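Undergrad: Shown below is the structure under consideration.
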Amino acid sequence: MPPPRPGTRWVTDFFSYETTKSVVVKSWVVGAVNRGVQLLILAYFIGWVFLHEKAYQVRDTVIESSVVTKVKGIGRYAGRVLDTADYVTPHQVRGRRAPPLPQFPLSDGAEGGQGGGQGDGDVPPQGTSVFVVVTKQILTENQAQGVCPESEAKYHCTADRDCQGKSPTTGSGVLTGRCIPYNGTLRTCEIQGWCPPEVDTVDVPVMLEAENFTLFIKNSIRFPLFGFEKANLPPPGSGGELGRCRFHPERQPLCPILRLGDVVRLAGQDFPTLAATGGVLGIKIGWVCDLDHAWEHCLPHYSFTRLDGLARSPAPAPGYNFRHARYYRWPDGTERRTLTKAFGIRFDVLVYGNAGKFGIVPTLINTVAAFTSIGVVPEAGVPAPPASPMVCPPGALGGCSRDKQSTDSGTFSLGL
């Protein structure tokens, strides 16, 4: 065979085919180690990749979810009987009955006043996946626009000069630069704003009856890749008594009605302490479904945790609280309001999950990967004939090259 010309050698190299030589080692020790390693790799693919991770499935990690919540319960607070419209925020705040004061609605037509608005504090959303159950309130009633002494201790003064050179605003209003009497023995800086200012250091009771309130969660999910839909409610006609069940992690793990005290306890918290300071709890609903099984085998899993965490002592802003106001007008035409600093437990319903179903493409990919990892290569059952002798033209010297013939298997056997 004449050697290729220099200009066409790259074409010959491109269309050439190369194989590696294999060595057969005839040794019990080497053979046992080889089969042991192959067995471990095979066990890893079967046990972990296929059975545990279900690598033979197509997986949908995009979950579409809808959450609707409803709290029920009656509690007593400061001599009043409160229902859901009183302690669950926020839109029910618009209909909350105010303290017994001679008051009239504002001209905007809102019943009982207007919650939030005018920059005086927004109330968190309610009725969806995030809501707040108010357990303690500090009321500052009958506030009106005007000037009055500031209530904060850092604004104590003896003369006007003590009120000048400070930040122009306080937590309750704008400083006027005057030092005026707060009571018979104390003087503080004067402010302009809503008077009298809030005093949030007073001790107020906690509505501990909230521990027995119930929470109903309606959760509907969908995996769009498979068109699979389901809800956390029992199907119609299943005979389940939804209204009488109460969630329990062992006895009734699928009941969508939860007692608030149980939620707090399962999150590792103490209800009286949490109700006094406020906090944020997470109710996690997990949907991890194997769609190779029946529809009814896809079930939710509930878990609970505290989301705001417990900061290292001393905590700069422990707990959870917010402010909102109700506005009204007195008969003389002056605008008044009742400011409320509310402490409560905020519940965040978090939904997560994924679904898997058998797919031929991931099955083939992982099967080939398993066999490749253990070195399973088809071999011919006929022993290779002896290598062909070197073919050299007459008179060739040391530069003679050996061309491998089709009968040369390239396999060597070593006996150990």
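Chain identifiers are assigned as A, B, and so on, following the order in which chains appear in the structure tokens; residues are numbered from 1 within each chain, and ligands are numbered from 1 in order of appearance.
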I'd like the neighbourhood of Thr128 in chain A as a list in words, where a residue qualifies if any of its atoms comes within 6 Å (using only C-alpha atoms), though same-chain residues fewer than 6 positions away should be ignored.

TA: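 The residues satisfying every condition are Val67, Val68 and Thr69 of chain A.
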
Undergrad: Just the residues within 8 Å of Glu64 in chain A, please, counting only C-alpha atoms, with nothing from its chain fewer than 4 positions along; format it as a PyMOL selection string.

TA: chain A and resi 221-224

Undergrad: Which residues are close to Leu254 in chain A, i.e. within 10 Å by only C-alpha atoms, leaving aside same-chain residues fewer than 4 positions away? Reply as a list in words.

TA: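 That gives Asn232, Leu233, Pro234, Cys245, Arg246, Phe247, His248, Pro249, Glu250, Leu299, Pro300, His301 and Tyr302 of chain A.
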
Undergrad: Tell me, in Å to one decimal, how far CA of Pro181 in chain A is from CA of Pro149 in chain A.

TA: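 Taking CA of Pro181 in chain A as the start and CA of Pro149 in chain A as the end point, the length is 7.1 Å.
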
Undergrad: Taking the chain letters and numbering used in this document, name the residues of range 118-335 of chain A that DSSP puts in strand (DSSP E or B), as a PyMOL selection string.

TA: chain A and resi 130-149+156+169+173-181+187-195+214-223+228-231+248+252+257-259+279-290+301-306+321-329+335

Undergrad: Would you compute the distance between CA of Thr158 in chain A and CA of Gln143 in chain A? Give it in Å to one decimal.

TA: 26.0 Å

Undergrad: Residues near range 349-364 of chain A, anyone? I mean within 9 Å using only C-alpha atoms, not counting same-chain ones fewer than 4 positions away, as a ChimeraX atom specification.

TA: /A:50,54-63,65-67,69,128-131,217,219,221,223,226,281-293,368-369

Undergrad: Got time to write the residues from that selection, C-alpha atoms, as a PDB file, in the first residue's frame?

TA:
ATOM      1  CA  PHE A  50     -33.236   3.735  40.437  1.00  0.00           C
ATOM      2  CA  LYS A  54     -36.302   7.110  40.870  1.00  0.00           C
ATOM      3  CA  ALA A  55     -34.033   8.146  38.015  1.00  0.00           C
ATOM      4  CA  TYR A  56     -36.251   6.227  35.603  1.00  0.00           C
ATOM      5  CA  GLN A  57     -38.947   8.915  35.974  1.00  0.00           C
ATOM      6  CA  VAL A  58     -39.608  12.221  34.276  1.00  0.00           C
ATOM      7  CA  ARG A  59     -39.963  14.749  37.119  1.00  0.00           C
ATOM      8  CA  ASP A  60     -42.043  17.932  37.306  1.00  0.00           C
ATOM      9  CA  THR A  61     -40.736  20.372  39.932  1.00  0.00           C
ATOM     10  CA  VAL A  62     -43.141  23.188  39.024  1.00  0.00           C
ATOM     11  CA  ILE A  63     -46.163  23.083  41.337  1.00  0.00           C
ATOM     12  CA  SER A  65     -50.926  25.990  44.171  1.00  0.00           C
ATOM     13  CA  SER A  66     -53.919  27.818  45.625  1.00  0.00           C
ATOM     14  CA  VAL A  67     -54.461  28.297  49.376  1.00  0.00           C
ATOM     15  CA  THR A  69     -57.671  29.716  54.993  1.00  0.00           C
ATOM     16  CA  THR A 128     -55.004  33.611  51.709  1.00  0.00           C
ATOM     17  CA  SER A 129     -51.765  31.891  52.567  1.00  0.00           C
ATOM     18  CA  VAL A 130     -50.697  34.620  55.040  1.00  0.00           C
ATOM     19  CA  PHE A 131     -52.835  35.827  57.940  1.00  0.00           C
ATOM     20  CA  ILE A 217     -56.742  25.097  55.129  1.00  0.00           C
ATOM     21  CA  ASN A 219     -55.081  23.667  49.306  1.00  0.00           C
ATOM     22  CA  ILE A 221     -52.314  21.851  43.592  1.00  0.00           C
ATOM     23  CA  PHE A 223     -48.490  19.591  38.190  1.00  0.00           C
ATOM     24  CA  PHE A 226     -48.642  15.753  33.691  1.00  0.00           C
ATOM     25  CA  LEU A 281     -44.902  30.439  62.068  1.00  0.00           C
ATOM     26  CA  GLY A 282     -44.726  28.430  58.881  1.00  0.00           C
ATOM     27  CA  ILE A 283     -47.197  25.687  57.971  1.00  0.00           C
ATOM     28  CA  LYS A 284     -45.511  23.682  55.225  1.00  0.00           C
ATOM     29  CA  ILE A 285     -47.558  21.400  52.966  1.00  0.00           C
ATOM     30  CA  GLY A 286     -45.448  19.016  50.912  1.00  0.00           C
ATOM     31  CA  TRP A 287     -46.685  17.172  47.836  1.00  0.00           C
ATOM     32  CA  VAL A 288     -44.103  14.580  46.735  1.00  0.00           C
ATOM     33  CA  CYS A 289     -46.009  12.258  44.426  1.00  0.00           C
ATOM     34  CA  ASP A 290     -45.168   9.107  42.475  1.00  0.00           C
ATOM     35  CA  LEU A 291     -47.660   9.185  39.627  1.00  0.00           C
ATOM     36  CA  ASP A 292     -46.830   5.599  38.645  1.00  0.00           C
ATOM     37  CA  HIS A 293     -49.163   4.682  41.521  1.00  0.00           C
ATOM     38  CA  VAL A 368     -26.533   2.813  29.699  1.00  0.00           C
ATOM     39  CA  ALA A 369     -24.663   4.810  32.333  1.00  0.00           C
TER      40      ALA A 369
END

Undergrad: Using only C-alpha atoms, which protein or nucleic acid residues come within 12 Å of Cys157 in chain A? Drop anything in the same chain fewer than 6 positions from it, and give the result as a VMD selection string.

TA: chain A and resid 149 to 151 163 to 164 166 177 to 182 185 to 190

Undergrad: Any chance you can output those residues with N, CA and C atoms as a PDB file, in the first residue's frame?

TA:
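Wrote part_30.pdb, looks like this:
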ATOM      1  N   PRO A 149     -47.225  66.885  75.026  1.00  0.00           N
ATOM      2  CA  PRO A 149     -45.891  66.426  75.435  1.00  0.00           C
ATOM      3  C   PRO A 149     -45.609  65.008  74.943  1.00  0.00           C
ATOM      4  N   GLU A 150     -44.372  64.788  74.506  1.00  0.00           N
ATOM      5  CA  GLU A 150     -43.940  63.453  74.056  1.00  0.00           C
ATOM      6  C   GLU A 150     -43.851  62.525  75.252  1.00  0.00           C
ATOM      7  N   SER A 151     -44.188  61.242  75.035  1.00  0.00           N
ATOM      8  CA  SER A 151     -44.214  60.283  76.143  1.00  0.00           C
ATOM      9  C   SER A 151     -42.927  59.490  76.285  1.00  0.00           C
ATOM     10  N   CYS A 163     -34.695  70.557  74.017  1.00  0.00           N
ATOM     11  CA  CYS A 163     -35.518  70.028  72.921  1.00  0.00           C
ATOM     12  C   CYS A 163     -35.064  70.539  71.571  1.00  0.00           C
ATOM     13  N   GLN A 164     -33.990  71.319  71.552  1.00  0.00           N
ATOM     14  CA  GLN A 164     -33.478  71.873  70.303  1.00  0.00           C
ATOM     15  C   GLN A 164     -32.167  71.187  69.949  1.00  0.00           C
ATOM     16  N   LYS A 166     -32.125  68.341  68.379  1.00  0.00           N
ATOM     17  CA  LYS A 166     -32.417  66.917  68.218  1.00  0.00           C
ATOM     18  C   LYS A 166     -32.986  66.659  66.827  1.00  0.00           C
ATOM     19  N   GLY A 177     -39.784  72.271  69.641  1.00  0.00           N
ATOM     20  CA  GLY A 177     -38.678  72.984  70.278  1.00  0.00           C
ATOM     21  C   GLY A 177     -39.009  73.526  71.651  1.00  0.00           C
ATOM     22  N   ARG A 178     -40.175  73.241  72.190  1.00  0.00           N
ATOM     23  CA  ARG A 178     -40.570  73.736  73.512  1.00  0.00           C
ATOM     24  C   ARG A 178     -40.538  72.612  74.532  1.00  0.00           C
ATOM     25  N   CYS A 179     -40.246  72.920  75.759  1.00  0.00           N
ATOM     26  CA  CYS A 179     -40.272  71.981  76.879  1.00  0.00           C
ATOM     27  C   CYS A 179     -41.485  72.331  77.732  1.00  0.00           C
ATOM     28  N   ILE A 180     -42.433  71.389  77.853  1.00  0.00           N
ATOM     29  CA  ILE A 180     -43.687  71.668  78.541  1.00  0.00           C
ATOM     30  C   ILE A 180     -43.933  70.589  79.593  1.00  0.00           C
ATOM     31  N   PRO A 181     -44.819  70.840  80.558  1.00  0.00           N
ATOM     32  CA  PRO A 181     -45.101  69.840  81.600  1.00  0.00           C
ATOM     33  C   PRO A 181     -45.819  68.610  81.034  1.00  0.00           C
ATOM     34  N   TYR A 182     -45.366  67.430  81.471  1.00  0.00           N
ATOM     35  CA  TYR A 182     -46.029  66.175  81.105  1.00  0.00           C
ATOM     36  C   TYR A 182     -47.039  65.797  82.179  1.00  0.00           C
ATOM     37  N   THR A 185     -44.896  66.510  87.961  1.00  0.00           N
ATOM     38  CA  THR A 185     -43.472  66.479  88.336  1.00  0.00           C
ATOM     39  C   THR A 185     -42.530  66.341  87.147  1.00  0.00           C
ATOM     40  N   LEU A 186     -43.025  66.043  85.967  1.00  0.00           N
ATOM     41  CA  LEU A 186     -42.161  65.717  84.822  1.00  0.00           C
ATOM     42  C   LEU A 186     -42.446  66.658  83.666  1.00  0.00           C
ATOM     43  N   ARG A 187     -41.372  67.044  82.965  1.00  0.00           N
ATOM     44  CA  ARG A 187     -41.482  67.873  81.767  1.00  0.00           C
ATOM     45  C   ARG A 187     -40.852  67.128  80.592  1.00  0.00           C
ATOM     46  N   THR A 188     -41.470  67.236  79.435  1.00  0.00           N
ATOM     47  CA  THR A 188     -40.951  66.601  78.218  1.00  0.00           C
ATOM     48  C   THR A 188     -41.085  67.564  77.060  1.00  0.00           C
ATOM     49  N   CYS A 189     -40.451  67.201  75.932  1.00  0.00           N
ATOM     50  CA  CYS A 189     -40.498  68.050  74.737  1.00  0.00           C
ATOM     51  C   CYS A 189     -41.895  67.988  74.110  1.00  0.00           C
ATOM     52  N   GLU A 190     -42.295  69.089  73.566  1.00  0.00           N
ATOM     53  CA  GLU A 190     -43.603  69.172  72.919  1.00  0.00           C
ATOM     54  C   GLU A 190     -43.517  68.696  71.472  1.00  0.00           C
TER      55      GLU A 190
END
